[in-house]
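Heads up: the structure comes next, in structure tokens.
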Amino acid sequence: MKPRLRFAPSPTGYLHIGGARTALFNWLYARKHGGTFVLRIEDTDQERSTKESLQAILDGLTWLGIDWDEGPGKEGAHGPYFQMQKLAHYAKVAQQLIDTGWAYRDYSTEEELAAARKAFAAEKGLKEGDDLRSAGFKFSSPWREKKDTSDKPALIRFKMPRREGRFGFDDQVLGRIEKPYDDFDDFVIMRSDGVPLYNFGCVIDDHDMAITHVARGQEHINSTFAQLMLYEALGWTPPLFAHIPLIFAQDNSKLSKRKHPEADVMRHKANGILPHALINFIARLGWSHGNEEIFTRDDLIQKFDFEHVGKSQGVWNPEKLTATNKHWLKNTEPLQLAMALLPYLQAAGVPDAACDAKLELGVRAFNERSATLVEMAEKLKPYYAKGVTIDGAAAAKHLGPEGKALLAKAKTELEALKEWTAAIIDPVVMVVATAANVKAGAVAQPIRVAATGGTASPGIGVTLELLGREETLHRIDAALR
């Protein structure tokens, strides 16, 4: 049986880096084994779920190249893929659990629940704000064994069996995980408005969608125990679970939307990071393959497994992300890189830039001189401008009487060229230098300063080819004047 894996975000904000990595690990496993990757939207938080957030998630996954086989826009046999479209189905399954004695309606009021919490806190000497559940609080509902019904709104609680001993599961990353039965109370599976809580909706959806493997963050470990009890109660076979490590920021706290701007996937797009560079980087945040750091997409698909997912958290490292991006700027095919660069160049103020031979040449000239697409666009922008402002110090050093004389001779040679390519332009420097009995740099630098306004640029032939004949000669004339 080929595996079926899923990513199930809530549309309550942008695509988080941790969510992107979860999606990636599920996607890689599905692609490696010829399986199916499902995108499911858990939109039961209606107060916070928005169309804008949904679109942000879809855009983020699409930009990263994490495509889904079933989900929004790709309806399959296991839909619907939005939880709010399945409320009647959840209610039916909840009623089945009630009928079989695995669940009950709880008519307890918020006041009664608050009173129970207050009494527990007083008994344990806890202060306001303490985590009652960590301290062992479990609500004992008076409705657990009652068969009464009422017209009042009611929660539906799962009836945890009263058993001795422990139960657990074999995690694909962490190994055997167990807890005693008496650690758990009767958890809520349906709110009084008929909307399922996470554990309940998740189990039903994973079953309905024939999910075979669930890879998700370690913060969901406690939820897994409750979900396993639901699988038992419903007589369904659970998927295999793999709980992957969290991602921590450099301040040693969990990478969060509130505190850490780098948690937003699309911020990295805005910053000029290549999508595959980010994929490469986040794959290594919690997974390894020997000492390798650089992976193509095919490498990741071929080599990924849960066996080598780490048990401890990955730590965000902006320097490593930059280094990874530099690698892929150098090693991405020029036409593909030009297509990626084009919108950044247009945003930098070159609206007429096009994905043409000039842009490809620019990419080859600056791919090893840039850390991001934003930086590359800024470096290329002057080559699309009319005229240039010359740096005063550069002019003083290279455009004195001797420099101008050499520049004028170079201009005469350049004007005579019938073709305008780096291979034909570069020998001009040597011709002029040899005739004047000076080093090549004594000719190249005045040309460079006249053409670019400064003393640093790619090779002089490439620099002038990028500028074009007309603009080069115009700038040299201006410098000579």
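Following the order of the structure tokens, chains are lettered A, B, ..., residues in each are numbered from 1, and ligands are numbered from 1.
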
**Request:** Would you mind writing down, as a list of chain:residue names, each residue of region 160-254 of chain A that DSSP on the backbone assigns to alpha helix (DSSP H)?
**Result:**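 Output for region 160-254 of chain A, alpha helix (DSSP H) only: A:Tyr198, A:Asn199, A:Phe200, A:Gly201, A:Cys202, A:Val203, A:Ile204, A:Asp205, A:Asp206, A:His207, A:Asp208, A:Ile221, A:Asn222, A:Ser223, A:Thr224, A:Phe225, A:Ala226, A:Gln227, A:Leu228, A:Met229, A:Leu230, A:Tyr231, A:Glu232, A:Ala233, A:Leu234.
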
Close residues, Asp205 (chain A) itself excluded, 10 Å, only C-alpha atoms, min 2 positions apart in chain, as a CSV table (one decimal) with all heavy atoms, in the first residue's frame:
```
chain,number,residue,atom,x,y,z
A,8,ALA,N,-2.0,19.8,7.6
A,8,ALA,CA,-3.3,20.3,7.9
A,8,ALA,C,-3.2,21.6,8.7
A,8,ALA,O,-3.4,21.6,9.9
A,8,ALA,CB,-4.1,19.2,8.7
A,40,ARG,N,-5.1,19.6,3.8
A,40,ARG,CA,-6.4,19.7,4.5
A,40,ARG,C,-6.4,21.0,5.3
A,40,ARG,O,-5.4,21.3,6.0
A,40,ARG,CB,-6.6,18.5,5.4
A,40,ARG,CG,-7.9,18.5,6.2
A,40,ARG,CD,-8.1,17.2,6.9
A,40,ARG,NE,-7.4,17.1,8.2
A,40,ARG,CZ,-6.7,16.0,8.6
A,40,ARG,NH1,-6.6,15.0,7.8
A,40,ARG,NH2,-6.1,16.0,9.7
A,42,GLU,N,-7.9,23.0,8.4
A,42,GLU,CA,-8.6,22.8,9.6
A,42,GLU,C,-9.1,24.2,10.1
A,42,GLU,O,-8.4,24.9,10.8
A,42,GLU,CB,-7.7,22.2,10.7
A,42,GLU,CG,-7.3,20.8,10.2
A,42,GLU,CD,-6.6,20.0,11.3
A,42,GLU,OE1,-6.1,20.6,12.3
A,42,GLU,OE2,-6.5,18.7,11.2
A,78,HIS,N,-11.4,11.8,-1.4
A,78,HIS,CA,-11.5,11.8,0.1
A,78,HIS,C,-11.9,13.1,0.6
A,78,HIS,O,-11.7,13.4,1.8
A,78,HIS,CB,-10.1,11.4,0.6
A,78,HIS,CG,-9.7,10.0,0.2
A,78,HIS,ND1,-9.1,9.7,-1.0
A,78,HIS,CD2,-9.8,8.8,0.8
A,78,HIS,CE1,-8.8,8.4,-1.1
A,78,HIS,NE2,-9.3,7.8,0.0
A,79,GLY,N,-12.5,14.0,-0.2
A,79,GLY,CA,-12.9,15.3,0.3
A,79,GLY,C,-14.2,15.2,1.1
A,79,GLY,O,-14.8,14.1,1.3
A,80,PRO,N,-14.7,16.3,1.6
A,80,PRO,CA,-14.2,17.7,1.4
A,80,PRO,C,-12.9,17.9,2.3
A,80,PRO,O,-12.7,17.2,3.2
A,80,PRO,CB,-15.3,18.6,1.9
A,80,PRO,CG,-16.1,17.8,2.8
A,80,PRO,CD,-16.0,16.4,2.3
A,81,TYR,N,-12.1,18.9,1.9
A,81,TYR,CA,-10.8,19.1,2.5
A,81,TYR,C,-10.8,20.4,3.4
A,81,TYR,O,-9.8,20.8,3.9
A,81,TYR,CB,-9.8,19.3,1.4
A,81,TYR,CG,-9.6,18.0,0.6
A,81,TYR,CD1,-10.3,17.9,-0.6
A,81,TYR,CD2,-8.9,16.9,1.0
A,81,TYR,CE1,-10.3,16.7,-1.3
A,81,TYR,CE2,-8.8,15.8,0.3
A,81,TYR,CZ,-9.5,15.6,-0.9
A,81,TYR,OH,-9.4,14.5,-1.6
A,82,PHE,N,-12.0,20.8,3.7
A,82,PHE,CA,-12.2,21.9,4.7
A,82,PHE,C,-13.1,21.3,5.8
A,82,PHE,O,-14.2,20.8,5.6
A,82,PHE,CB,-12.9,23.1,4.1
A,82,PHE,CG,-12.0,23.9,3.1
A,82,PHE,CD1,-11.9,23.4,1.8
A,82,PHE,CD2,-11.3,25.0,3.5
A,82,PHE,CE1,-11.1,24.1,0.9
A,82,PHE,CE2,-10.5,25.7,2.7
A,82,PHE,CZ,-10.4,25.3,1.3
A,83,GLN,N,-12.7,21.5,7.1
A,83,GLN,CA,-13.4,20.8,8.2
A,83,GLN,C,-14.8,21.4,8.3
A,83,GLN,O,-15.8,20.7,8.7
A,83,GLN,CB,-12.6,21.0,9.5
A,83,GLN,CG,-11.4,20.1,9.5
A,83,GLN,CD,-10.8,20.0,10.9
A,83,GLN,OE1,-10.7,21.1,11.6
A,83,GLN,NE2,-10.3,18.9,11.3
A,86,LYS,N,-17.8,19.6,7.0
A,86,LYS,CA,-18.1,18.2,7.4
A,86,LYS,C,-18.8,18.2,8.8
A,86,LYS,O,-18.7,17.1,9.4
A,86,LYS,CB,-16.7,17.5,7.5
A,86,LYS,CG,-16.0,17.3,6.2
A,86,LYS,CD,-14.7,16.6,6.4
A,86,LYS,CE,-14.9,15.1,6.8
A,86,LYS,NZ,-13.6,14.4,6.8
A,90,TYR,N,-19.2,14.9,11.5
A,90,TYR,CA,-18.6,14.8,12.8
A,90,TYR,C,-19.7,14.6,13.8
A,90,TYR,O,-19.5,13.8,14.8
A,90,TYR,CB,-17.9,16.2,13.2
A,90,TYR,CG,-16.8,16.5,12.3
A,90,TYR,CD1,-16.7,17.8,11.8
A,90,TYR,CD2,-15.8,15.6,11.9
A,90,TYR,CE1,-15.6,18.2,11.0
A,90,TYR,CE2,-14.7,16.0,11.1
A,90,TYR,CZ,-14.7,17.3,10.6
A,90,TYR,OH,-13.6,17.6,9.8
A,200,PHE,N,-10.7,15.4,17.9
A,200,PHE,CA,-11.8,14.6,17.3
A,200,PHE,C,-11.8,14.8,15.7
A,200,PHE,O,-11.8,13.8,15.0
A,200,PHE,CB,-13.1,15.1,17.9
A,200,PHE,CG,-14.3,14.2,17.5
A,200,PHE,CD1,-14.2,12.9,17.6
A,200,PHE,CD2,-15.4,14.8,17.1
A,200,PHE,CE1,-15.3,12.1,17.3
A,200,PHE,CE2,-16.6,14.1,16.7
A,200,PHE,CZ,-16.5,12.7,16.9
A,201,GLY,N,-11.8,16.1,15.3
A,201,GLY,CA,-11.8,16.3,13.8
A,201,GLY,C,-10.6,15.7,13.1
A,201,GLY,O,-10.7,15.2,12.0
A,202,CYS,N,-9.5,15.8,13.8
A,202,CYS,CA,-8.2,15.2,13.2
A,202,CYS,C,-8.3,13.7,13.0
A,202,CYS,O,-8.0,13.2,11.9
A,202,CYS,CB,-7.1,15.6,14.1
A,202,CYS,SG,-5.5,15.0,13.5
A,203,VAL,N,-8.8,13.0,14.0
A,203,VAL,CA,-8.9,11.5,13.8
A,203,VAL,C,-9.9,11.2,12.7
A,203,VAL,O,-9.6,10.3,11.9
A,203,VAL,CB,-9.4,10.9,15.2
A,203,VAL,CG1,-9.9,9.5,15.0
A,203,VAL,CG2,-8.2,11.0,16.2
A,207,HIS,N,-8.8,9.3,9.2
A,207,HIS,CA,-9.4,8.1,8.8
A,207,HIS,C,-10.1,8.2,7.5
A,207,HIS,O,-10.0,7.4,6.6
A,207,HIS,CB,-10.4,7.6,9.9
A,207,HIS,CG,-11.3,6.4,9.5
A,207,HIS,ND1,-10.8,5.2,9.4
A,207,HIS,CD2,-12.5,6.4,9.0
A,207,HIS,CE1,-11.7,4.3,9.0
A,207,HIS,NE2,-12.8,5.0,8.8
A,208,ASP,N,-10.9,9.2,7.3
A,208,ASP,CA,-11.7,9.4,6.0
A,208,ASP,C,-10.8,9.6,4.8
A,208,ASP,O,-11.1,9.1,3.7
A,208,ASP,CB,-12.6,10.7,6.1
A,208,ASP,CG,-13.7,10.5,7.1
A,208,ASP,OD1,-14.0,9.4,7.6
A,208,ASP,OD2,-14.4,11.5,7.4
A,209,MET,N,-9.6,10.2,5.1
A,209,MET,CA,-8.7,10.4,4.0
A,209,MET,C,-7.6,9.3,3.8
A,209,MET,O,-6.7,9.5,3.1
A,209,MET,CB,-8.0,11.8,4.2
A,209,MET,CG,-9.0,12.9,4.1
A,209,MET,SD,-8.3,14.5,4.5
A,209,MET,CE,-9.8,15.6,4.4
A,210,ALA,N,-7.8,8.2,4.6
A,210,ALA,CA,-6.9,7.1,4.5
A,210,ALA,C,-5.5,7.4,4.7
A,210,ALA,O,-4.6,6.9,4.1
A,210,ALA,CB,-7.1,6.4,3.2
A,211,ILE,N,-5.2,8.3,5.7
A,211,ILE,CA,-3.9,8.8,6.0
A,211,ILE,C,-3.1,7.6,6.7
A,211,ILE,O,-3.6,7.0,7.6
A,211,ILE,CB,-3.9,10.0,6.9
A,211,ILE,CG1,-4.6,11.2,6.2
A,211,ILE,CG2,-2.5,10.4,7.3
A,211,ILE,CD1,-4.0,11.6,4.9
```

**Item:** Residue nearest Phe306 (chain A) among A:Arg4, A:Lys118, A:Arg216, A:Lys358 (counting only C-alpha atoms)
**Value:** A:Arg216

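Nearest residue to Leu174 (chain A) among A:Pro245, A:Gly13, A:Pro142, A:Gly235 is A:Pro245, counting only C-alpha atoms.
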
**Asked** What's the 12 Å shell around Asp148 (chain A), counting only C-alpha atoms, without same-chain residues fewer than 6 positions away, as JSON, numbers by chain?
**Response** {"A": [104, 105, 106, 107, 142, 154]}

**Asked** Contacts of Trp143 (chain A) at 12 Å or less, counting only C-alpha atoms, minus same-chain residues fewer than 2 places along, as a ChimeraX atom specification?
**Response** /A:103-109,139-141,145-150,154-159,186

C-alpha atoms of the current selection, written as a PDB file, in the first residue's frame:
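Printed below is out-v3.pdb as written:
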```
ATOM      1  CA  ALA A 103     -18.884   9.482  24.925  1.00  0.00           C
ATOM      2  CA  TYR A 104     -21.546  11.474  26.746  1.00  0.00           C
ATOM      3  CA  ARG A 105     -23.235  14.850  26.676  1.00  0.00           C
ATOM      4  CA  ASP A 106     -21.999  17.140  29.407  1.00  0.00           C
ATOM      5  CA  TYR A 107     -24.422  19.865  30.471  1.00  0.00           C
ATOM      6  CA  SER A 108     -22.067  21.311  33.091  1.00  0.00           C
ATOM      7  CA  THR A 109     -21.981  25.088  33.042  1.00  0.00           C
ATOM      8  CA  PHE A 139     -12.642  17.701  35.603  1.00  0.00           C
ATOM      9  CA  SER A 140     -14.959  15.014  36.880  1.00  0.00           C
ATOM     10  CA  SER A 141     -18.257  15.674  35.167  1.00  0.00           C
ATOM     11  CA  GLU A 145     -22.834   8.145  33.900  1.00  0.00           C
ATOM     12  CA  LYS A 146     -26.136   9.928  33.406  1.00  0.00           C
ATOM     13  CA  LYS A 147     -28.492   9.058  30.564  1.00  0.00           C
ATOM     14  CA  ASP A 148     -30.591  12.215  30.963  1.00  0.00           C
ATOM     15  CA  THR A 149     -31.047  14.518  28.024  1.00  0.00           C
ATOM     16  CA  SER A 150     -31.868  18.178  27.910  1.00  0.00           C
ATOM     17  CA  ALA A 154     -24.029  20.520  25.796  1.00  0.00           C
ATOM     18  CA  LEU A 155     -20.446  19.634  25.209  1.00  0.00           C
ATOM     19  CA  ILE A 156     -19.682  16.084  24.136  1.00  0.00           C
ATOM     20  CA  ARG A 157     -16.915  14.445  26.131  1.00  0.00           C
ATOM     21  CA  PHE A 158     -15.017  11.267  25.371  1.00  0.00           C
ATOM     22  CA  LYS A 159     -15.331   8.784  28.227  1.00  0.00           C
ATOM     23  CA  ASP A 186     -12.688  12.936  29.819  1.00  0.00           C
TER      24      ASP A 186
END
```

**Prompt:** Hey, what's within 12 Å of His268 (chain A) if we count only C-alpha atoms and toss same-chain stuff fewer than 2 positions away? As a PyMOL selection string, please?
**Reply:** chain A and resi 15-17+60+63-64+261-266+270-279+281+318+321-322+325+372-374

Saved selection, atoms kept: N, CA and C atoms, as a PDB file, in the first residue's frame:
```pdb
ATOM      1  N   LEU A  15       1.962  31.366   6.603  1.00  0.00           N
ATOM      2  CA  LEU A  15       2.608  30.062   6.695  1.00  0.00           C
ATOM      3  C   LEU A  15       3.870  30.185   7.539  1.00  0.00           C
ATOM      4  N   HIS A  16       3.875  29.503   8.666  1.00  0.00           N
ATOM      5  CA  HIS A  16       4.987  29.530   9.616  1.00  0.00           C
ATOM      6  C   HIS A  16       6.100  28.609   9.117  1.00  0.00           C
ATOM      7  N   ILE A  17       7.332  28.965   9.410  1.00  0.00           N
ATOM      8  CA  ILE A  17       8.474  28.137   9.013  1.00  0.00           C
ATOM      9  C   ILE A  17       8.326  26.708   9.542  1.00  0.00           C
ATOM     10  N   GLY A  60       2.412  30.374   0.047  1.00  0.00           N
ATOM     11  CA  GLY A  60       3.691  29.959   0.622  1.00  0.00           C
ATOM     12  C   GLY A  60       4.102  28.572   0.160  1.00  0.00           C
ATOM     13  N   TRP A  63       5.028  28.753  -3.578  1.00  0.00           N
ATOM     14  CA  TRP A  63       6.346  29.364  -3.784  1.00  0.00           C
ATOM     15  C   TRP A  63       7.464  28.375  -3.447  1.00  0.00           C
ATOM     16  N   LEU A  64       7.279  27.595  -2.391  1.00  0.00           N
ATOM     17  CA  LEU A  64       8.295  26.623  -1.997  1.00  0.00           C
ATOM     18  C   LEU A  64       8.337  25.408  -2.916  1.00  0.00           C
ATOM     19  N   PRO A 261      10.298  37.673  13.342  1.00  0.00           N
ATOM     20  CA  PRO A 261       9.898  37.926  11.943  1.00  0.00           C
ATOM     21  C   PRO A 261      10.311  36.802  11.002  1.00  0.00           C
ATOM     22  N   GLU A 262      11.414  36.103  11.320  1.00  0.00           N
ATOM     23  CA  GLU A 262      11.890  35.046  10.434  1.00  0.00           C
ATOM     24  C   GLU A 262      10.969  33.831  10.414  1.00  0.00           C
ATOM     25  N   ALA A 263       9.955  33.813  11.283  1.00  0.00           N
ATOM     26  CA  ALA A 263       9.002  32.704  11.279  1.00  0.00           C
ATOM     27  C   ALA A 263       8.090  32.727  10.058  1.00  0.00           C
ATOM     28  N   ASP A 264       7.994  33.867   9.384  1.00  0.00           N
ATOM     29  CA  ASP A 264       7.113  34.030   8.226  1.00  0.00           C
ATOM     30  C   ASP A 264       7.832  33.575   6.956  1.00  0.00           C
ATOM     31  N   VAL A 265       7.325  32.524   6.332  1.00  0.00           N
ATOM     32  CA  VAL A 265       7.939  31.993   5.116  1.00  0.00           C
ATOM     33  C   VAL A 265       8.088  33.073   4.049  1.00  0.00           C
ATOM     34  N   MET A 266       7.032  33.843   3.821  1.00  0.00           N
ATOM     35  CA  MET A 266       7.053  34.793   2.712  1.00  0.00           C
ATOM     36  C   MET A 266       7.949  36.006   2.974  1.00  0.00           C
ATOM     37  N   ALA A 270      10.471  37.912   0.276  1.00  0.00           N
ATOM     38  CA  ALA A 270      10.663  39.354   0.150  1.00  0.00           C
ATOM     39  C   ALA A 270      12.128  39.746   0.332  1.00  0.00           C
ATOM     40  N   ASN A 271      12.850  38.980   1.153  1.00  0.00           N
ATOM     41  CA  ASN A 271      14.258  39.274   1.417  1.00  0.00           C
ATOM     42  C   ASN A 271      15.187  38.761   0.325  1.00  0.00           C
ATOM     43  N   GLY A 272      14.626  38.073  -0.678  1.00  0.00           N
ATOM     44  CA  GLY A 272      15.456  37.636  -1.791  1.00  0.00           C
ATOM     45  C   GLY A 272      16.087  36.271  -1.631  1.00  0.00           C
ATOM     46  N   ILE A 273      15.496  35.437  -0.788  1.00  0.00           N
ATOM     47  CA  ILE A 273      15.971  34.061  -0.637  1.00  0.00           C
ATOM     48  C   ILE A 273      15.308  33.204  -1.717  1.00  0.00           C
ATOM     49  N   LEU A 274      16.088  32.367  -2.370  1.00  0.00           N
ATOM     50  CA  LEU A 274      15.527  31.443  -3.356  1.00  0.00           C
ATOM     51  C   LEU A 274      14.678  30.396  -2.655  1.00  0.00           C
ATOM     52  N   PRO A 275      13.559  29.987  -3.245  1.00  0.00           N
ATOM     53  CA  PRO A 275      12.710  29.002  -2.565  1.00  0.00           C
ATOM     54  C   PRO A 275      13.437  27.696  -2.256  1.00  0.00           C
ATOM     55  N   HIS A 276      14.274  27.224  -3.192  1.00  0.00           N
ATOM     56  CA  HIS A 276      14.954  25.971  -2.890  1.00  0.00           C
ATOM     57  C   HIS A 276      16.019  26.140  -1.816  1.00  0.00           C
ATOM     58  N   ALA A 277      16.613  27.330  -1.736  1.00  0.00           N
ATOM     59  CA  ALA A 277      17.571  27.565  -0.655  1.00  0.00           C
ATOM     60  C   ALA A 277      16.879  27.449   0.701  1.00  0.00           C
ATOM     61  N   LEU A 278      15.675  27.993   0.803  1.00  0.00           N
ATOM     62  CA  LEU A 278      14.929  27.883   2.062  1.00  0.00           C
ATOM     63  C   LEU A 278      14.530  26.435   2.324  1.00  0.00           C
ATOM     64  N   ILE A 279      14.112  25.710   1.288  1.00  0.00           N
ATOM     65  CA  ILE A 279      13.784  24.288   1.432  1.00  0.00           C
ATOM     66  C   ILE A 279      14.998  23.518   1.941  1.00  0.00           C
ATOM     67  N   PHE A 281      17.549  24.644   3.538  1.00  0.00           N
ATOM     68  CA  PHE A 281      17.884  25.070   4.897  1.00  0.00           C
ATOM     69  C   PHE A 281      16.952  24.446   5.943  1.00  0.00           C
ATOM     70  N   PRO A 318      20.657  32.323  10.866  1.00  0.00           N
ATOM     71  CA  PRO A 318      20.553  33.182   9.682  1.00  0.00           C
ATOM     72  C   PRO A 318      21.809  33.163   8.815  1.00  0.00           C
ATOM     73  N   LEU A 321      21.576  30.167   6.610  1.00  0.00           N
ATOM     74  CA  LEU A 321      20.592  30.402   5.550  1.00  0.00           C
ATOM     75  C   LEU A 321      21.211  31.248   4.442  1.00  0.00           C
ATOM     76  N   THR A 322      21.934  32.295   4.816  1.00  0.00           N
ATOM     77  CA  THR A 322      22.577  33.150   3.811  1.00  0.00           C
ATOM     78  C   THR A 322      23.601  32.361   3.011  1.00  0.00           C
ATOM     79  N   ASN A 325      21.837  30.186   0.597  1.00  0.00           N
ATOM     80  CA  ASN A 325      21.299  30.958  -0.519  1.00  0.00           C
ATOM     81  C   ASN A 325      22.409  31.348  -1.493  1.00  0.00           C
ATOM     82  N   THR A 372      21.700  37.678  -1.895  1.00  0.00           N
ATOM     83  CA  THR A 372      20.253  37.532  -2.073  1.00  0.00           C
ATOM     84  C   THR A 372      19.850  38.091  -3.434  1.00  0.00           C
ATOM     85  N   LEU A 373      18.654  37.784  -3.842  1.00  0.00           N
ATOM     86  CA  LEU A 373      18.114  38.342  -5.077  1.00  0.00           C
ATOM     87  C   LEU A 373      17.914  39.852  -4.960  1.00  0.00           C
ATOM     88  N   VAL A 374      17.595  40.321  -3.773  1.00  0.00           N
ATOM     89  CA  VAL A 374      17.438  41.764  -3.556  1.00  0.00           C
ATOM     90  C   VAL A 374      18.771  42.466  -3.797  1.00  0.00           C
TER      91      VAL A 374
END
```

**Message:** Taking only C-alpha atoms into account, name the residue in A:Ala450, A:Ile425, A:Ala242, A:Leu466 that is nearest to His398 (chain A).
**Reply:** A:Ala450

**Message:** Give me, as a VMD selection string, all polymer residues having an atom no more than 9 Å from Leu473 (chain A), counting only C-alpha atoms and skipping those fewer than 2 positions away in the same chain.
**Reply:** chain A and resid 411 414 to 415 451 468 to 471 475 to 478
